[in-house]
file structure.tsv (TSV, C-alpha atoms and all ligand atoms)
chain	number	residue	atom	x	y	z
H	1	MET	CA	-19.70	91.20	175.07
H	2	ARG	CA	-17.45	88.18	175.23
H	3	ILE	CA	-14.55	88.00	177.65
H	4	GLY	CA	-11.64	85.63	177.10
H	5	ILE	CA	-9.86	84.30	180.17
H	6	LEU	CA	-6.41	82.72	180.10
H	7	GLY	CA	-6.51	80.23	182.95
H	8	GLY	CA	-9.52	78.26	184.12
H	9	GLY	CA	-8.76	77.90	187.83
H	10	GLN	CA	-11.00	78.80	190.74
H	11	LEU	CA	-10.49	82.52	190.12
H	12	ALA	CA	-11.89	82.22	186.57
H	13	MET	CA	-14.63	79.98	187.94
H	14	MET	CA	-15.73	82.65	190.42
H	15	MET	CA	-15.38	85.48	187.87
H	16	ILE	CA	-17.81	83.61	185.60
H	17	GLU	CA	-20.19	82.61	188.37
H	18	MET	CA	-20.34	86.10	189.89
H	19	SER	CA	-21.08	87.62	186.46
H	20	SER	CA	-23.76	85.10	185.53
H	21	LYS	CA	-26.61	87.47	186.40
H	22	ASN	CA	-25.26	89.94	183.84
H	23	ASN	CA	-26.81	88.69	180.61
H	24	LYS	CA	-24.73	91.05	178.46
H	25	LEU	CA	-21.60	88.99	179.18
H	26	ASP	CA	-20.29	85.63	178.17
H	27	PHE	CA	-16.91	83.94	178.45
H	28	LEU	CA	-14.35	81.85	176.63
H	29	VAL	CA	-11.67	80.12	178.72
H	30	VAL	CA	-8.34	78.63	177.64
H	31	ASP	CA	-6.55	76.31	180.06
H	32	PRO	CA	-4.02	73.52	179.48
H	33	GLY	CA	-5.58	71.28	182.16
H	34	GLU	CA	-8.27	68.63	181.94
H	35	ASN	CA	-11.58	69.90	183.43
H	36	PRO	CA	-10.24	72.95	185.28
H	37	PRO	CA	-12.56	74.49	187.93
H	38	ALA	CA	-14.09	76.97	185.40
H	39	SER	CA	-15.44	74.03	183.37
H	40	LYS	CA	-18.16	73.78	186.03
H	41	PHE	CA	-19.85	76.70	184.25
H	42	ILE	CA	-18.59	76.71	180.66
H	43	LYS	CA	-16.74	74.55	178.22
H	44	CYS	CA	-13.02	75.36	178.39
H	45	ILE	CA	-10.64	75.10	175.45
H	46	LYS	CA	-7.85	72.74	176.42
H	47	SER	CA	-4.65	74.30	175.11
H	48	GLU	CA	-1.28	75.68	176.11
H	49	TYR	CA	-1.37	79.46	176.60
H	50	ASN	CA	1.00	80.19	173.73
H	51	ASN	CA	-0.77	78.03	171.16
H	52	ARG	CA	-1.25	80.36	168.18
H	53	THR	CA	-4.54	78.75	167.07
H	54	SER	CA	-6.10	79.26	170.50
H	55	LEU	CA	-4.86	82.84	170.70
H	56	ASP	CA	-6.29	83.54	167.23
H	57	LEU	CA	-9.59	82.06	168.36
H	58	LEU	CA	-9.66	84.37	171.39
H	59	ILE	CA	-8.88	87.34	169.14
H	60	LYS	CA	-11.67	86.37	166.73
H	61	GLU	CA	-14.33	85.50	169.31
H	62	CYS	CA	-13.67	87.92	172.19
H	63	ASP	CA	-13.87	91.66	172.78
H	64	VAL	CA	-11.35	91.69	175.63
H	65	VAL	CA	-9.03	89.19	177.31
H	66	THR	CA	-8.03	88.82	180.96
H	67	ILE	CA	-6.13	86.32	183.12
H	68	ASP	CA	-6.81	84.20	186.19
H	69	PHE	CA	-3.14	83.36	186.60
H	70	GLU	CA	-0.17	85.74	186.33
H	71	ASN	CA	2.28	83.30	184.82
H	72	VAL	CA	0.68	83.27	181.40
H	73	PRO	CA	3.55	83.88	178.93
H	74	ALA	CA	3.81	87.64	178.38
H	75	GLY	CA	4.41	86.94	174.69
H	76	ALA	CA	0.91	85.48	174.40
H	77	LEU	CA	-0.61	88.60	175.98
H	78	LYS	CA	1.47	90.85	173.70
H	79	TYR	CA	0.24	88.95	170.64
H	80	ILE	CA	-3.42	89.30	171.65
H	81	GLU	CA	-2.88	92.97	172.54
H	82	GLN	CA	-2.02	93.76	168.93
H	83	HIS	CA	-5.64	92.94	168.07
H	84	ILE	CA	-7.91	93.36	171.08
H	85	PRO	CA	-7.44	94.85	174.57
H	86	VAL	CA	-5.83	92.75	177.29
H	87	TYR	CA	-6.63	93.89	180.84
H	88	PRO	CA	-4.45	94.08	182.83
H	89	ASN	CA	-1.99	94.87	180.03
H	90	SER	CA	1.02	92.67	179.22
H	91	LYS	CA	3.51	95.16	180.69
H	92	ALA	CA	1.76	95.13	184.09
H	93	VAL	CA	1.58	91.33	184.09
H	94	GLU	CA	5.22	91.04	183.07
H	95	ILE	CA	6.27	93.20	186.02
H	96	CYS	CA	4.17	91.16	188.45
H	97	GLN	CA	5.75	87.94	187.13
H	98	ASP	CA	9.19	88.98	188.33
H	99	ARG	CA	9.94	89.96	191.93
H	100	LEU	CA	12.90	92.10	190.88
H	101	PHE	CA	10.82	94.17	188.44
H	102	GLU	CA	8.13	94.48	191.10
H	103	LYS	CA	10.57	95.68	193.77
H	104	ASN	CA	12.15	98.14	191.33
H	105	LEU	CA	8.71	99.54	190.54
H	106	PHE	CA	8.07	100.06	194.27
H	107	VAL	CA	11.42	101.86	194.66
H	108	GLN	CA	10.91	104.05	191.58
H	109	ASN	CA	7.58	105.15	193.04
H	110	GLN	CA	8.97	105.86	196.52
H	111	ILE	CA	6.99	102.97	197.99
H	112	LYS	CA	8.59	101.35	201.06
H	113	THR	CA	9.54	97.74	200.46
H	114	THR	CA	12.00	95.25	201.95
H	115	ASN	CA	15.75	95.78	201.43
H	116	PHE	CA	16.68	93.59	198.51
H	117	GLU	CA	19.53	92.61	196.22
H	118	ALA	CA	19.37	90.87	192.85
H	119	ILE	CA	21.15	87.51	192.85
H	120	GLU	CA	22.49	85.69	189.81
H	121	SER	CA	25.42	83.75	191.31
H	122	GLU	CA	26.86	82.41	194.54
H	123	GLU	CA	29.19	85.44	194.64
H	124	ASP	CA	26.19	87.78	194.43
H	125	LEU	CA	24.59	85.88	197.30
H	126	ILE	CA	27.71	86.15	199.49
H	127	LYS	CA	27.87	89.93	198.89
H	128	ALA	CA	24.15	90.37	199.48
H	129	ILE	CA	24.24	88.46	202.78
H	130	ASP	CA	27.09	90.74	203.87
H	131	LYS	CA	24.86	93.74	203.18
H	132	ILE	CA	21.45	92.49	204.31
H	133	GLY	CA	22.40	89.98	206.98
H	134	THR	CA	21.48	86.36	207.60
H	135	ASN	CA	17.99	87.19	208.84
H	136	SER	CA	16.93	87.15	205.23
H	137	ILE	CA	15.12	85.13	202.57
H	138	LEU	CA	16.21	84.09	199.10
H	139	LYS	CA	13.21	84.13	196.75
H	140	SER	CA	13.21	83.09	193.11
H	141	ARG	CA	12.37	86.03	190.86
H	142	THR	CA	9.73	84.08	188.98
H	143	LEU	CA	7.19	81.31	189.58
H	144	GLY	CA	6.85	81.74	193.34
H	145	TYR	CA	3.49	81.19	194.99
H	146	ASP	CA	2.25	79.92	198.34
H	147	GLY	CA	5.72	80.41	199.81
H	148	LYS	CA	7.33	78.13	197.20
H	149	ASN	CA	10.87	78.78	195.95
H	150	GLN	CA	11.88	80.65	199.10
H	151	ILE	CA	14.76	79.77	201.40
H	152	GLU	CA	15.51	81.36	204.76
H	153	ILE	CA	19.24	81.97	205.11
H	154	ASN	CA	19.82	81.92	208.91
H	155	ASN	CA	23.04	79.95	209.50
H	156	GLN	CA	23.14	78.10	206.17
H	157	SER	CA	26.15	78.56	203.94
H	158	PRO	CA	25.60	80.62	200.76
H	159	LYS	CA	26.97	77.69	198.76
H	160	LYS	CA	24.32	75.33	200.12
H	161	VAL	CA	21.50	77.86	199.68
H	162	TRP	CA	22.54	78.68	196.13
H	163	LYS	CA	22.57	74.96	195.26
H	164	SER	CA	19.24	74.23	196.91
H	165	CYS	CA	17.50	77.10	195.12
H	166	GLY	CA	18.51	75.50	191.84
H	167	GLU	CA	20.85	78.39	190.95
H	168	VAL	CA	17.98	80.42	189.50
H	169	LYS	CA	17.82	84.22	189.31
H	170	SER	CA	16.57	85.38	192.69
H	171	ILE	CA	16.38	88.25	195.11
H	172	LEU	CA	17.62	88.29	198.69
H	173	GLU	CA	15.48	90.34	201.05
H	174	ASN	CA	15.51	91.05	204.76
H	175	LYS	CA	12.99	89.33	206.98
H	176	ILE	CA	10.44	91.75	208.36
H	177	ASN	CA	9.38	91.41	211.96
H	178	PHE	CA	5.80	92.25	211.06
H	179	SER	CA	2.95	92.80	213.48
H	180	THR	CA	0.50	91.59	210.85
H	181	GLU	CA	-0.02	91.26	207.10
H	182	LEU	CA	-2.52	93.31	205.13
H	183	SER	CA	-3.69	93.41	201.54
H	184	LEU	CA	-5.48	96.07	199.54
H	185	ILE	CA	-7.83	95.04	196.76
H	186	GLY	CA	-8.58	97.85	194.36
H	187	VAL	CA	-10.04	98.11	190.89
H	188	ARG	CA	-9.27	100.70	188.20
H	189	THR	CA	-11.59	101.32	185.28
H	190	ILE	CA	-10.72	102.12	181.67
H	191	SER	CA	-11.35	105.81	182.35
H	192	GLY	CA	-8.99	105.71	185.35
H	193	GLU	CA	-11.57	105.76	188.14
H	194	THR	CA	-10.64	103.65	191.19
H	195	PHE	CA	-12.65	101.77	193.80
H	196	PHE	CA	-11.24	100.13	196.90
H	197	TYR	CA	-12.25	97.48	199.41
H	198	PRO	CA	-11.24	98.00	203.01
H	199	LEU	CA	-7.86	96.56	203.99
H	200	VAL	CA	-7.85	92.83	204.69
H	201	GLU	CA	-5.80	91.21	207.47
H	202	ASN	CA	-4.10	87.99	206.40
H	203	TYR	CA	-2.77	85.10	208.46
H	204	HIS	CA	-0.39	82.67	206.76
H	205	LYS	CA	0.67	79.17	207.77
H	206	ASN	CA	3.89	77.81	206.25
H	207	GLY	CA	3.88	80.65	203.70
H	208	ILE	CA	0.33	79.83	202.55
H	209	LEU	CA	-2.68	82.05	203.17
H	210	ASN	CA	-4.76	80.45	205.91
H	211	VAL	CA	-7.31	83.05	207.06
H	212	SER	CA	-8.31	86.53	205.81
H	213	VAL	CA	-10.37	88.90	207.92
H	214	ALA	CA	-12.00	92.12	206.74
H	215	PRO	CA	-12.30	94.97	207.37
H	216	TYR	CA	-9.00	95.92	209.01
H	217	GLU	CA	-10.11	99.33	210.16
H	218	ASP	CA	-7.46	102.04	210.22
H	219	ILE	CA	-8.21	105.27	208.39
H	220	LYS	CA	-4.56	106.31	207.98
H	221	LEU	CA	-3.34	102.94	206.75
H	222	GLN	CA	-6.30	102.67	204.39
H	223	LYS	CA	-5.40	106.07	202.91
H	224	ASP	CA	-1.69	105.19	202.67
H	225	ALA	CA	-2.45	101.88	200.96
H	226	GLU	CA	-4.82	103.54	198.49
H	227	THR	CA	-2.18	106.18	197.66
H	228	ILE	CA	0.34	103.40	196.93
H	229	HIS	CA	-2.21	101.50	194.84
H	230	ASN	CA	-3.04	104.63	192.83
H	231	LYS	CA	0.64	105.31	192.13
H	232	ILE	CA	1.08	101.81	190.73
H	233	THR	CA	-2.09	101.65	188.65
H	234	ASN	CA	-1.51	105.12	187.18
H	235	GLU	CA	2.05	104.25	186.29
H	236	LEU	CA	1.02	100.97	184.65
H	237	LYS	CA	-2.19	102.31	183.05
H	238	TYR	CA	-3.77	99.37	184.80
H	239	VAL	CA	-7.34	98.19	184.20
H	240	GLY	CA	-9.05	95.66	186.48
H	241	VAL	CA	-8.38	94.38	189.98
H	242	LEU	CA	-4.86	94.76	191.38
H	243	VAL	CA	-3.96	93.47	194.83
H	244	ILE	CA	-1.00	94.67	196.86
H	245	GLU	CA	0.24	92.63	199.82
H	246	PHE	CA	1.85	94.52	202.69
H	247	PHE	CA	3.67	93.79	205.91
H	248	LEU	CA	2.72	96.08	208.77
H	249	ASP	CA	5.99	96.64	210.62
H	250	GLU	CA	6.63	97.44	214.29
H	251	ASN	CA	6.27	101.19	213.56
H	252	ARG	CA	2.88	100.62	211.89
H	253	GLN	CA	4.37	101.43	208.49
H	254	LEU	CA	3.21	99.63	205.38
H	255	ILE	CA	6.01	97.70	203.68
H	256	ALA	CA	5.00	96.53	200.22
H	257	ASN	CA	5.67	92.82	199.79
H	258	GLU	CA	4.31	91.87	196.37
H	259	MET	CA	1.42	92.40	193.94
H	260	ALA	CA	-1.06	90.21	192.12
H	261	PRO	CA	-2.38	91.44	188.75
H	262	ARG	CA	-5.71	89.72	189.28
H	263	VAL	CA	-8.41	88.89	191.77
H	264	HIS	CA	-6.87	87.42	194.91
H	265	ASN	CA	-7.39	84.77	197.52
H	266	SER	CA	-7.56	87.44	200.24
H	267	GLY	CA	-10.62	88.89	198.48
H	268	HIS	CA	-12.86	85.82	198.39
H	269	TRP	CA	-14.80	87.17	201.38
H	270	THR	CA	-16.18	89.93	199.10
H	271	ILE	CA	-18.65	87.42	197.61
H	272	SER	CA	-20.73	87.53	200.77
H	273	GLY	CA	-19.21	90.48	202.62
H	274	ALA	CA	-19.50	93.31	200.10
H	275	ASN	CA	-22.19	94.78	197.85
H	276	ILE	CA	-20.07	93.80	194.85
H	277	SER	CA	-17.50	91.02	194.81
H	278	GLN	CA	-13.91	91.45	193.61
H	279	PHE	CA	-14.77	89.04	190.77
H	280	GLU	CA	-17.69	91.10	189.53
H	281	ALA	CA	-15.73	94.35	190.01
H	282	HIS	CA	-12.89	93.04	187.84
H	283	ILE	CA	-15.22	91.89	185.07
H	284	LEU	CA	-17.24	95.15	185.09
H	285	ALA	CA	-14.02	97.20	184.89
H	286	ILE	CA	-12.56	95.32	181.94
H	287	ALA	CA	-15.95	95.24	180.17
H	288	ASN	CA	-16.19	99.03	180.59
H	289	MET	CA	-19.44	98.70	182.55
H	290	LYS	CA	-20.50	100.88	185.45
H	291	ILE	CA	-19.27	99.95	188.94
H	292	LYS	CA	-21.29	101.10	191.94
H	293	PRO	CA	-19.34	102.46	194.92
H	294	ILE	CA	-18.11	99.57	197.04
H	295	SER	CA	-19.57	99.06	200.49
H	296	ILE	CA	-19.35	96.26	203.00
H	297	ASN	CA	-22.12	95.00	205.15
H	298	ASN	CA	-20.40	92.97	207.86
H	299	ASN	CA	-17.19	91.60	209.31
H	300	SER	CA	-16.06	88.65	207.20
H	301	ALA	CA	-13.54	85.88	207.59
H	302	MET	CA	-12.39	83.52	204.88
H	303	LEU	CA	-10.72	80.20	205.69
H	304	ASN	CA	-8.82	78.34	203.00
H	305	ILE	CA	-9.36	74.61	202.60
H	306	LEU	CA	-5.99	73.07	201.82
H	307	SER	CA	-4.78	69.56	201.00
H	308	LYS	CA	-7.84	67.55	202.08
H	309	MET	CA	-11.56	68.28	201.74
H	310	PRO	CA	-13.21	68.13	205.17
H	311	ASN	CA	-16.40	66.19	205.75
H	312	LYS	CA	-19.22	68.21	204.14
H	313	ASP	CA	-21.80	67.27	206.82
H	314	ILE	CA	-19.51	68.69	209.49
H	315	ILE	CA	-19.10	71.89	207.46
H	316	GLU	CA	-22.87	72.26	207.11
H	317	LYS	CA	-23.52	71.56	210.79
H	318	ASN	CA	-21.20	74.45	211.70
H	319	GLY	CA	-23.01	77.04	209.62
H	320	PRO	CA	-24.25	79.48	208.73
H	321	LEU	CA	-21.30	79.80	206.42
H	322	GLN	CA	-20.60	79.99	202.74
H	323	PHE	CA	-18.77	76.97	201.38
H	324	TYR	CA	-16.94	76.91	198.06
H	325	ASP	CA	-15.65	73.69	196.56
H	326	TYR	CA	-13.33	74.24	193.57
H	327	GLY	CA	-13.86	70.64	192.44
H	328	LYS	CA	-10.14	69.80	192.49
H	329	SER	CA	-8.51	66.54	193.47
H	330	GLU	CA	-6.77	66.43	196.85
H	331	ARG	CA	-3.04	67.13	196.97
H	332	LYS	CA	-0.78	68.37	199.74
H	333	ASN	CA	-1.10	72.16	200.17
H	334	ARG	CA	-3.41	72.51	197.16
H	335	LYS	CA	-6.20	75.06	197.56
H	336	LEU	CA	-9.38	72.98	197.30
H	337	GLY	CA	-12.02	75.46	198.44
H	338	HIS	CA	-12.82	78.04	201.06
H	339	LEU	CA	-15.31	78.94	203.75
H	340	THR	CA	-16.58	82.42	204.53
H	341	ILE	CA	-18.30	83.42	207.73
H	342	THR	CA	-19.73	86.80	208.57
H	343	ASN	CA	-20.70	88.43	211.84
H	344	PRO	CA	-21.52	92.01	212.83
H	345	ASP	CA	-19.32	91.56	215.90
H	346	ARG	CA	-15.62	91.14	215.12
H	347	SER	CA	-14.63	89.34	218.29
H	348	ALA	CA	-17.55	86.90	217.91
H	349	LEU	CA	-16.35	86.34	214.35
H	350	MET	CA	-12.80	85.57	215.50
H	351	ASP	CA	-14.14	83.13	218.13
H	352	LYS	CA	-16.07	81.38	215.39
H	353	VAL	CA	-12.96	81.23	213.17
H	354	LYS	CA	-11.07	79.50	215.97
H	355	LYS	CA	-13.92	77.10	216.67
H	356	ILE	CA	-14.42	76.20	213.03
H	357	SER	CA	-10.69	75.76	212.41
H	358	LYS	CA	-10.59	73.29	215.29
H	359	ILE	CA	-13.69	71.31	214.37
H	360	ILE	CA	-13.42	71.26	210.61
H	361	PHE	CA	-9.70	71.13	210.02
H	362	GLN	CA	-8.41	68.92	212.83
O	1	LIG	P1	1.54	84.18	197.43
O	1	LIG	O1	0.89	82.90	197.72
O	1	LIG	O2	0.96	85.36	198.18
O	1	LIG	O3	1.75	84.45	196.00
O	1	LIG	P2	4.39	83.98	197.53
O	1	LIG	O4	4.87	82.60	197.53
O	1	LIG	O5	4.42	84.74	196.26
O	1	LIG	O6	2.96	84.05	198.15
O	1	LIG	P3	5.31	85.95	199.51
O	1	LIG	O7	4.03	86.66	199.61
O	1	LIG	O8	6.52	86.74	199.19
O	1	LIG	O9	5.32	84.72	198.53
O	1	LIG	O10	5.58	85.16	200.88
O	1	LIG	C1	4.61	84.32	201.47
O	1	LIG	C2	4.56	84.60	202.96
O	1	LIG	O11	5.84	84.35	203.59
O	1	LIG	C3	4.26	86.06	203.30
O	1	LIG	O12	2.89	86.35	203.23
O	1	LIG	C4	4.84	86.13	204.72
O	1	LIG	O13	4.00	85.51	205.66
O	1	LIG	C5	6.12	85.31	204.58
O	1	LIG	N1	7.21	86.22	204.14
O	1	LIG	C6	7.62	86.41	202.87
O	1	LIG	N2	8.59	87.32	202.79
O	1	LIG	C7	8.83	87.75	204.05
O	1	LIG	C8	9.71	88.71	204.64
O	1	LIG	N3	10.58	89.41	203.92
O	1	LIG	N4	9.66	88.87	205.97
O	1	LIG	C9	8.79	88.17	206.74
O	1	LIG	N5	7.93	87.25	206.24
O	1	LIG	C10	7.94	87.03	204.92
O	2	MG	MG	2.27	86.68	198.89
call {"tool": "encode", "arguments": {"input": "structure.tsv", "output": "structure tokens", "more": "lines below"}}
Ligand code: ATP
Ligand code: MG
result
Amino acid sequence: MRIGILGGGQLAMMMIEMSSKNNKLDFLVVDPGENPPASKFIKCIKSEYNNRTSLDLLIKECDVVTIDFENVPAGALKYIEQHIPVYPNSKAVEICQDRLFEKNLFVQNQIKTTNFEAIESEEDLIKAIDKIGTNSILKSRTLGYDGKNQIEINNQSPKKVWKSCGEVKSILENKINFSTELSLIGVRTISGETFFYPLVENYHKNGILNVSVAPYEDIKLQKDAETIHNKITNELKYVGVLVIEFFLDENRQLIANEMAPRVHNSGHWTISGANISQFEAHILAIANMKIKPISINNNSAMLNILSKMPNKDIIEKNGPLQFYDYGKSERKNRKLGHLTITNPDRSALMDKVKKISKIIFQ
């Protein structure tokens, strides 16, 4: 079976690598960039995502198509879908591309989320601030990642904020005084069976994921998060890995923040911390192959490497740890790789995270 992937970033790279022992599968990747991370394992077709010739090639050569990046034009997915399956489907991806659609889906399914208002003008923003308050954030509806395209209101004038956001369609939402952030990684098969990883606790720095720790053990929250995930995937007839990010508020309630229709940075620990990684789980689901029940064998922590690659000798000296280099050039706040450490004792693991962060990243 051949799987087409739109996007050849580190997520595609790890999907291919983690499936390499499965000799029934091979891959075809389309990416507009020069030597994207996935080209470490296979030759990638350099092309824009909506290039008709490339899409026709995927249709001709592949049995199913998936994505490593949610901002692939929905039109491209819809075109492929007329011929071969696209998992997750174009509708699901389209919803995840737009924060307003995503929030509306949460509301329609009685899932708690932030208070929000749709903003298309300075007048809308003024009215929304009156309703929600100044302890709020303006987020562009599309193309936001790593905290980009978000402005905290505080004491800024609506006029200034509306100008500095580039006057693009946005939402205003209240700021949550969260006790922590959690994410749930789950996978749904073609027949509608679901498998879940334990909740992951996420620590961000400047809006960018810094450290993920798993498992976050809480039976009730795990059950609540799985119920929410099931509602969404049933509604969207979703196939593959879907990740939902939550705030845990002061009352220990889950507040849905956003979703990713793909494998996720907060799931990289599953490569060494679970019997089956999120990458393999996604590929098995979309290839309609059997998935074993998911189990974890340790406490895991994943640390993102941003902006600058640390000295590799220092990384090695501080092992044992798993080091991933995505082979990308250095750029401020770019995700260049990650480290995963595991330990049966959670507090020993957290001590090690602190120590490693100090030694390797300072
Ligand atoms: P990602 O890289 O996960 O795609 P993103 O840019 O799409 O991120 P969000 O997940 O909405 O954006 O925000 C990034 C981070 O900023 C959150 O994980 C959280 O730490 C903080 N944040 C965002 N919205 C809120 C909020 N309403 N209240 C409090 N903190 C928030
Ligand atoms: Mg996020």
call {"tool": "residues_around", "arguments": {"input": "structure.tsv", "residues": "Gly207 of chain H", "least_positions_apart": "3", "cutoff": "8 Å", "atoms": "only C-alpha atoms", "output": "ChimeraX atom specification"}}
result
/H:146-148,204
call {"tool": "atom_distance", "arguments": {"input": "structure.tsv", "atom1": "atom CA of Leu184 of chain H", "atom2": "atom CA of Arg262 of chain H"}}
result
12.1 Å
call {"tool": "closest_residue", "arguments": {"input": "structure.tsv", "among": "H:Gln253, H:Gln10, H:Ser179, H:Thr227", "to": "ligand LIG 1 (chain O)", "atoms": "only C-alpha atoms and all ligand atoms"}}
result
H:Ser179
call {"tool": "residues_around", "arguments": {"input": "structure.tsv", "residues": "segment 68-80 of chain H", "least_positions_apart": "3", "cutoff": "9 Å", "atoms": "all atoms listed in the file", "output": "PyMOL selection string"}}
result
chain H and resi 5-12+15+49-52+55-56+58-59+65+83-86+89-91+93-94+96-97+142-143+260-263
call {"tool": "residues_near_ligand", "arguments": {"input": "structure.tsv", "ligand": "ligand MG 2 (chain O)", "cutoff": "7 Å", "atoms": "only C-alpha atoms and all ligand atoms", "output": "list in words"}}
result
Tyr145, Asp146, Glu245 and Glu258 of chain H
call {"tool": "residues_around", "arguments": {"input": "structure.tsv", "residues": "Gly273 of chain H", "least_positions_apart": "3", "cutoff": "6 Å", "atoms": "all atoms listed in the file", "output": "MDAnalysis selection string"}}
result
chainID H and resid 269:270 296:298 300
call {"tool": "write_last_selection", "arguments": {"input": "structure.tsv", "atoms": "C-alpha atoms", "output": "short mmCIF file (atom, residue, chain, number, x, y, z; two decimals), in the coordinates of the input"}}
result
data_model
loop_
_atom_site.label_atom_id
_atom_site.label_comp_id
_atom_site.auth_asym_id
_atom_site.auth_seq_id
_atom_site.Cartn_x
_atom_site.Cartn_y
_atom_site.Cartn_z
CA TRP H 269 -14.80 87.17 201.38
CA THR H 270 -16.18 89.93 199.10
CA ILE H 296 -19.35 96.26 203.00
CA ASN H 297 -22.12 95.00 205.15
CA ASN H 298 -20.40 92.97 207.86
CA SER H 300 -16.06 88.65 207.20
#
call {"tool": "closest_residue", "arguments": {"input": "structure.tsv", "among": "H:Ser54, H:Thr113, H:Gln82, H:Asn333", "to": "Leu254 of chain H", "atoms": "all atoms listed in the file"}}
result
H:Thr113
call {"tool": "residues_near_ligand", "arguments": {"input": "structure.tsv", "ligand": "ligand LIG 1 (chain O)", "cutoff": "10 Å", "atoms": "all atoms listed in the file", "output": "ChimeraX atom specification"}}
result
/H:70,97,99,113-116,135-152,172-178,180-183,202-209,244-247,249,255-260,264-266
call {"tool": "closest_residue", "arguments": {"input": "structure.tsv", "among": "H:Thr53, H:Ser272, H:Ser212, H:Thr66", "to": "Leu28 of chain H", "atoms": "only C-alpha atoms"}}
result
H:Thr66
call {"tool": "closest_residue", "arguments": {"input": "structure.tsv", "among": "H:Leu349, H:Ala225, H:Ala38, H:Ala281", "to": "Asp325 of chain H", "atoms": "all atoms listed in the file"}}
result
H:Ala38
call {"tool": "closest_residue", "arguments": {"input": "structure.tsv", "among": "H:Thr340, H:Asn299, H:Gln322, H:Ser191", "to": "Ile286 of chain H", "atoms": "all atoms listed in the file"}}
result
H:Ser191
call {"tool": "closest_residue", "arguments": {"input": "structure.tsv", "among": "H:Lys127, H:Lys308, H:Lys231, H:Arg188", "to": "Pro158 of chain H", "atoms": "all atoms listed in the file"}}
result
H:Lys127
call {"tool": "atom_distance", "arguments": {"input": "structure.tsv", "atom1": "atom CA of Asn109 of chain H", "atom2": "atom CA of Ala285 of chain H"}}
result
24.4 Å
call {"tool": "residues_around", "arguments": {"input": "structure.tsv", "residues": "Glu226 of chain H", "least_positions_apart": "6", "cutoff": "10 Å", "atoms": "all atoms listed in the file", "output": "ChimeraX atom specification"}}
result
/H:184-186,194-199,220,232,244
call {"tool": "atom_distance", "arguments": {"input": "structure.tsv", "atom1": "atom CA of Gly319 of chain H", "atom2": "atom CA of Pro36 of chain H"}}
result
27.8 Å
call {"tool": "axis_aligned_box", "arguments": {"input": "structure.tsv", "around": "segment 30-47 of chain H", "padding_each_side": "6 Å", "output": "lines of an AutoDock Vina configuration file"}}
result
center_x = -11.9
center_y = 73.6
center_z = 181.5
size_x = 27.8
size_y = 22.0
size_z = 24.8
call {"tool": "residues_near_point", "arguments": {"input": "structure.tsv", "point": "(-24.3, 87.3, 181.4)", "cutoff": "12 Å", "atoms": "only C-alpha atoms", "output": "PyMOL selection string"}}
result
chain H and resi 1-3+15-27+41+280+283-284+287
call {"tool": "decode", "arguments": {"input": "structure.tsv", "residues": "segment 1-9 of chain H", "atoms": "N, CA, C and O atoms", "output": "PDB file, in the first residue's frame"}}
result
ATOM      1  N   MET H   1       0.842  -1.196   0.000  1.00  0.00           N
ATOM      2  CA  MET H   1       0.000   0.000   0.000  1.00  0.00           C
ATOM      3  C   MET H   1       0.879   1.249   0.000  1.00  0.00           C
ATOM      4  O   MET H   1       1.862   1.322   0.725  1.00  0.00           O
ATOM      5  N   ARG H   2       0.500   2.201  -0.857  1.00  0.00           N
ATOM      6  CA  ARG H   2       1.286   3.439  -0.869  1.00  0.00           C
ATOM      7  C   ARG H   2       0.474   4.594  -0.279  1.00  0.00           C
ATOM      8  O   ARG H   2      -0.677   4.812  -0.647  1.00  0.00           O
ATOM      9  N   ILE H   3       1.150   5.319   0.618  1.00  0.00           N
ATOM     10  CA  ILE H   3       0.511   6.440   1.306  1.00  0.00           C
ATOM     11  C   ILE H   3       1.114   7.749   0.818  1.00  0.00           C
ATOM     12  O   ILE H   3       2.339   7.918   0.840  1.00  0.00           O
ATOM     13  N   GLY H   4       0.270   8.652   0.367  1.00  0.00           N
ATOM     14  CA  GLY H   4       0.740   9.977  -0.043  1.00  0.00           C
ATOM     15  C   GLY H   4       0.669  10.913   1.148  1.00  0.00           C
ATOM     16  O   GLY H   4      -0.276  10.857   1.933  1.00  0.00           O
ATOM     17  N   ILE H   5       1.697  11.749   1.303  1.00  0.00           N
ATOM     18  CA  ILE H   5       1.661  12.728   2.402  1.00  0.00           C
ATOM     19  C   ILE H   5       1.851  14.125   1.816  1.00  0.00           C
ATOM     20  O   ILE H   5       2.814  14.373   1.078  1.00  0.00           O
ATOM     21  N   LEU H   6       0.922  15.021   2.136  1.00  0.00           N
ATOM     22  CA  LEU H   6       1.081  16.421   1.742  1.00  0.00           C
ATOM     23  C   LEU H   6       1.812  17.113   2.889  1.00  0.00           C
ATOM     24  O   LEU H   6       1.281  17.220   4.000  1.00  0.00           O
ATOM     25  N   GLY H   7       3.027  17.533   2.616  1.00  0.00           N
ATOM     26  CA  GLY H   7       3.881  18.115   3.653  1.00  0.00           C
ATOM     27  C   GLY H   7       4.988  17.140   3.995  1.00  0.00           C
ATOM     28  O   GLY H   7       4.730  15.965   4.258  1.00  0.00           O
ATOM     29  N   GLY H   8       6.216  17.649   3.965  1.00  0.00           N
ATOM     30  CA  GLY H   8       7.372  16.768   4.212  1.00  0.00           C
ATOM     31  C   GLY H   8       8.185  17.227   5.411  1.00  0.00           C
ATOM     32  O   GLY H   8       9.395  17.058   5.447  1.00  0.00           O
ATOM     33  N   GLY H   9       7.509  17.806   6.393  1.00  0.00           N
ATOM     34  CA  GLY H   9       8.211  18.283   7.594  1.00  0.00           C
ATOM     35  C   GLY H   9       8.598  17.147   8.524  1.00  0.00           C
ATOM     36  O   GLY H   9       8.523  15.962   8.154  1.00  0.00           O
TER      37      GLY H   9
END
